[in-house]
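What follows is one structure encoded as structure tokens, with my remarks underneath.
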Amino acid sequence: MPLVALGFACGLAGMMLAAALVMRGQRPAADVEQTPPDWSVTLAAIESTGGAVQGKATAAIAITDRANRLVCANPAFEQAFGSLHAPPRMVLDAGGSEALAVIGREAWRDGEATVREVTDAGRRWRVGARRAGRGDEYMIWSFAPIEEVDMLADMAAWLRGPFGTMFGEAGLCLALVGPEGTILAANSELATRACGDGSATLAGQEFAALLRTDDRDRIHFAREGRKGSPQTLWQVPLVSPEAEAASPASRATAAAEPASLLLMVDAGMGLGSSGGDAKGQAAQLEALLEQLPLGLAMTDRDGRFLFANPAFRRAAGLDRHNLPPYPSDLVIARDKTAMSDAVRRYAQGPASSGDIAVRLSVEPDEPASLGLAGVRGMGEAAVLLSLADTTEETRLRRQVAQATKMQAVGQLAGGVAHDFNNVLTAIIGYCDLMLLRHTPGDSDYDDIQQIKANSNRAASLTRQLLAFSRQQTLQPEVLQLPDVMSEVTQMLKRLLGAKITLEVRHDRNLGAVRADPRQLEQVIMNLAVNARDAIQSSGGGEGASGTLTFTTRRVGASDIRRMGSEIIPAGEYTALIAEDTGGGIAPAVIGKIFEPFFTTKEIGKGTGLGLSTVYGIVKQSGGFIFASNVQGANGKPAGARFTIYLPVHEASEEDLKKVEPPEEARNWAGGGRILLVEDEDMVRAVAERALTRQGYEVTTASDGDEGLDIVRGGEQFDLVVTDVVMPAMDGPAMALAIREVAPDLPILFMSGYAEAQLRDQIDIVAMHFIPKPFSVQQIADKVAEVLTASSRRG
């Protein structure tokens with residue numbers, strides 16, 4: 001506006017001057033010299049041009065000649081600067097006079113000067129100048145005042161006026177809040193919702209005091225409480241463009257927190273409208289919700305489904321194209337009424353939200369939390385349903401439960417096997433002692449042998465329990481795979497049943513391998529169980545027929561290099577191959593079959609640990625295992641193939657010594673004093689009689705405390721034979737205490753648990769181990785071996 005006024009004033013003044021000059025040129029020369037110019041018309045024109053517009057201050061306009069004398073000025077100029085001094089020779093603040101001089105020189109030279117800002121007595125002006133007149137002998141100056149805009153005052157007036165009323169009718173609450181959080185102005189809608197009086201100003205009140213939050217951190221008006229609609233709040237900081245464009249130093253001097261315009265609207269609004277475009281808004285919302293990972297669905301006011309996104313369908317167990325009419329169709333019969341009532345309540349009541357616990361038909365034993373929210377402004381839409389997709393969470397929860405169950409079963413199996421070993425040790429020991437008093441052909445000899453054979457069979461079952469619980473003593477041996485297969489062939493035939501044929505084939509010149517034979521038996525058993533289940537699954541049930549083939553094969557270093565495998569290093573291997581006719585492994589899962597807990601069997605029919613156990617045993621033995629499919633005649637998989645590569649081991653002298661005890665140990669006749677510590681009376685009695693018959697002087701103790709007291713009492717012993725697990729002081733704790741009294745005394749531990757577990761707990765010099773159950777001859781040989789080794793050290 002100041003520039004427009006300046007231009008208009010300059011043009012009008014120029015026209016007036018031109019007209020005066022023309023009239024002067026038409027008069028006689030004598031008249032021109034005698035009559036001065038009449039500036040009344042020009043003055044009247046610039047007075048009307050510089051007037052105030054809509055409350056804006058008046059622009060000051062002045063006309064000077066080439067001698068910089070003031071020719072004409074409007075009242076605004078005289079009021080601001082007086083009439084004694086004409087521009088540019090005006091007395092202004094520092095720098096102002098120089099700026100006017102620059103403007104004057106530029107205007108006389110170029111016809112018009114660039115508008116510049118000039119300060120005088122705290123006031124700021126935009127000053128411009130332009131030549132005018134027929135001979136350009138006059139200069140028109142314009143001083144447009146620069147006023148500071150009070151944005152807060154203007155905003156407050158707008159909120160209290162029609163502007164605020166218009167937004168209030170649309171349901172939008174507006175408030176102007178100062179830096180301290182106090183209300184400066186508010187529209188009538190906010191006043192109505194906050195205090196019930198639309199004419200209240202609310203000025204000076206704390207804005208936060210008008211609001212409350214619920215347990216879900218949703219905002220409500222304090223007056224309405226939770227019965228009212230949750231609010232969505234937007235904050236718009238009121239920072240002027242000049243402040244934004246200012247330098248960082250200038251901004252640092254401004255207020256730390258500017259005033260803000262706060263806008264509040266019901267949380268259910270803004271998604272659409274009830275007008276003719278509501279369906280289009282709903283379609284856009286549906287397209288948006290389709291992409292969200294949270295399960296969301298929408299119903300109309302009658303509770304009928306409008307749509308459900310893919311995440312909701314997955315969580316509810318629905319397919320992509322089948323959506324039931326009502327949400328109550330998703331839950332079990334006992335929850336249908338509660339579900340229908342909840343949807344109807346949120347559809348017809350005020351806009352609010354909540355949740356309800358239901359049991360879905362697809363997971364009747366797993367309660368699910370279904371969120372409900374009343375939606376407004378979406379036309380037919382009424383209730384928004386939310387349901388988290390817990391498929392992955394449920395799978396992980398089942399895996400954890402399965403792992404916990406397997407761990408508990410393993411601990412139970414280990415404890416049962418330990419107790420069985422004590423009982424079997426006593427039975428086998430008494431059988432050995434009785435056989436010493438009977439000869440073959442005696443009427444009781446065969447019965448005793450039968451009892452011992454059944455006891456040994458029970459001992460093998462306890463070893464399987466310990467292997468399952470991973471508490472078995474690992475005893476790698478140099479062995480041949482055909483020997484291991486022959487040990488389990490009969491058991492495999494009973495396991496597979498009459499319909500599944502077992503075939504075993506062995507290659508020639510197989511190399512020996514070093515592994516625990518019982519672990520290899522477990523590998524073979526797990527592969528057989530996996531093959532049996534696959535054959536029955538592909539053949540239609542337990543009566544399905546098929547074939548399982550175990551093949552041993554010699555694999556040379558050249559064969560490994562020809563395979564081009566980056567996993568198996570070149571060398572000599574003995575391979576064990578298991579092939580079945582169970583239809584093969586799906587390509588999508590063949591890379592996951594060795595993962596713990598992964599299974600393709602039905603729930604309750606597989607733990608997912610069988611093949612992972614096989615993998616672990618093979619890797620512990622230094623071998624490799626691979627899974628593949630056997631291709632049928634039609635090009636489709638006919639069965640699965642598991643190939644195990646175990647490195648060939650050349651038996652050393654140390655290995656041969658471990659197979660057979662040293663001859664001098666077996667013929668030990670040096671005697672000795674032995675302290676026997678065992679809490680089980682049966683085991684202690686058998687061990688005592690077995691060692692006494694070998695010529696040893698045996699002292700017994702029923703627990704660790706008693707055994708330690710005997711040693712501290714001063715008695716001398718050549719060997720301590722002790723159980724590991726005992727009440728009060730156990731075997732390892734007693735052994736450490738005994739070593740403080742007798743540092744060189746050898747100790748022989750006997751236990752049904754694994755030696756590795758004992759070594760983790762205690763590992764000292766001259767420490768030995770014998771697993772339970774043992775025979776009379778085994779404990780006698782072991783004691784002789786320990787005493788022989790001790791005499792060598794001595």
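For the structure tokens, the naming scheme is as follows: chains receive sequential letters (A, B, ...) according to their order of presentation, residues are indexed from 1 within each chain, and ligands are indexed from 1 in presentation order.
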Might you pull out every residue within 10 Å of A:Ile738, with only C-alpha atoms counted and same-chain residues fewer than 2 positions away left off, and present them as a short mmCIF file (atom, residue, chain, number, x, y, z; two decimals) with C-alpha atoms, in the first residue's frame?
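Output below, filename result.cif:
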data_model
loop_
_atom_site.label_atom_id
_atom_site.label_comp_id
_atom_site.auth_asym_id
_atom_site.auth_seq_id
_atom_site.Cartn_x
_atom_site.Cartn_y
_atom_site.Cartn_z
CA GLY A 707 33.29 -89.73 55.63
CA LEU A 708 35.07 -86.44 56.29
CA ASP A 709 35.00 -87.03 60.06
CA ILE A 710 36.62 -90.43 59.57
CA VAL A 711 39.50 -88.95 57.55
CA ARG A 712 39.95 -86.08 59.99
CA VAL A 720 38.22 -92.99 48.71
CA PRO A 732 32.64 -83.24 45.45
CA ALA A 733 32.40 -81.06 48.58
CA MET A 734 33.69 -83.92 50.75
CA ALA A 735 36.52 -84.58 48.29
CA LEU A 736 37.72 -80.97 48.44
CA GLU A 740 42.97 -80.33 52.68
CA VAL A 741 43.82 -83.16 55.14
CA ALA A 742 45.31 -85.69 52.68
CA PRO A 743 46.45 -83.85 49.50
CA ASP A 744 47.58 -86.99 47.59
CA LEU A 745 44.68 -89.30 48.44
CA ILE A 747 39.30 -90.35 44.88
#
Where does DSSP see strand (DSSP E) in stretch 529-755 of chain A, if you list the residues as a ChimeraX atom specification?
-> /A:546-555,573-580,624-631,637-647,673-677,697-701,719-723,747-751
Within 10 Å of A:Arg124, counting only C-alpha atoms, which residues qualify if same-chain residues fewer than 4 places away don't, as a compact mmCIF listing (two decimals) with C-alpha atoms, in the first residue's frame?
# COMPACT_ATOMS: atom_id res chain seq x y z
CA GLU A 117 14.31 2.15 5.35
CA VAL A 118 15.03 5.22 7.53
CA THR A 119 14.74 5.61 11.29
CA ASP A 120 13.79 8.80 13.10
CA PHE A 143 7.61 8.59 3.67
CA ALA A 144 5.51 5.45 4.42
CA PRO A 145 5.44 4.54 8.13
CA ILE A 146 6.39 0.97 9.12
CA GLU A 147 4.06 -0.31 11.82
CA GLU A 148 4.73 -3.29 14.11
Write out as a ChimeraX atom specification all residues of stretch 517-588 of chain A that backbone DSSP assigns to helix (DSSP H, G or I).
-> /A:517-539,557-563
Neighbour list for A:Pro324 as a list in words, cut-off 10 Å, only C-alpha atoms, skip fewer than 5 positions in-chain | Arg304, Phe305, Leu318, Asp329 and Leu330 of chain A
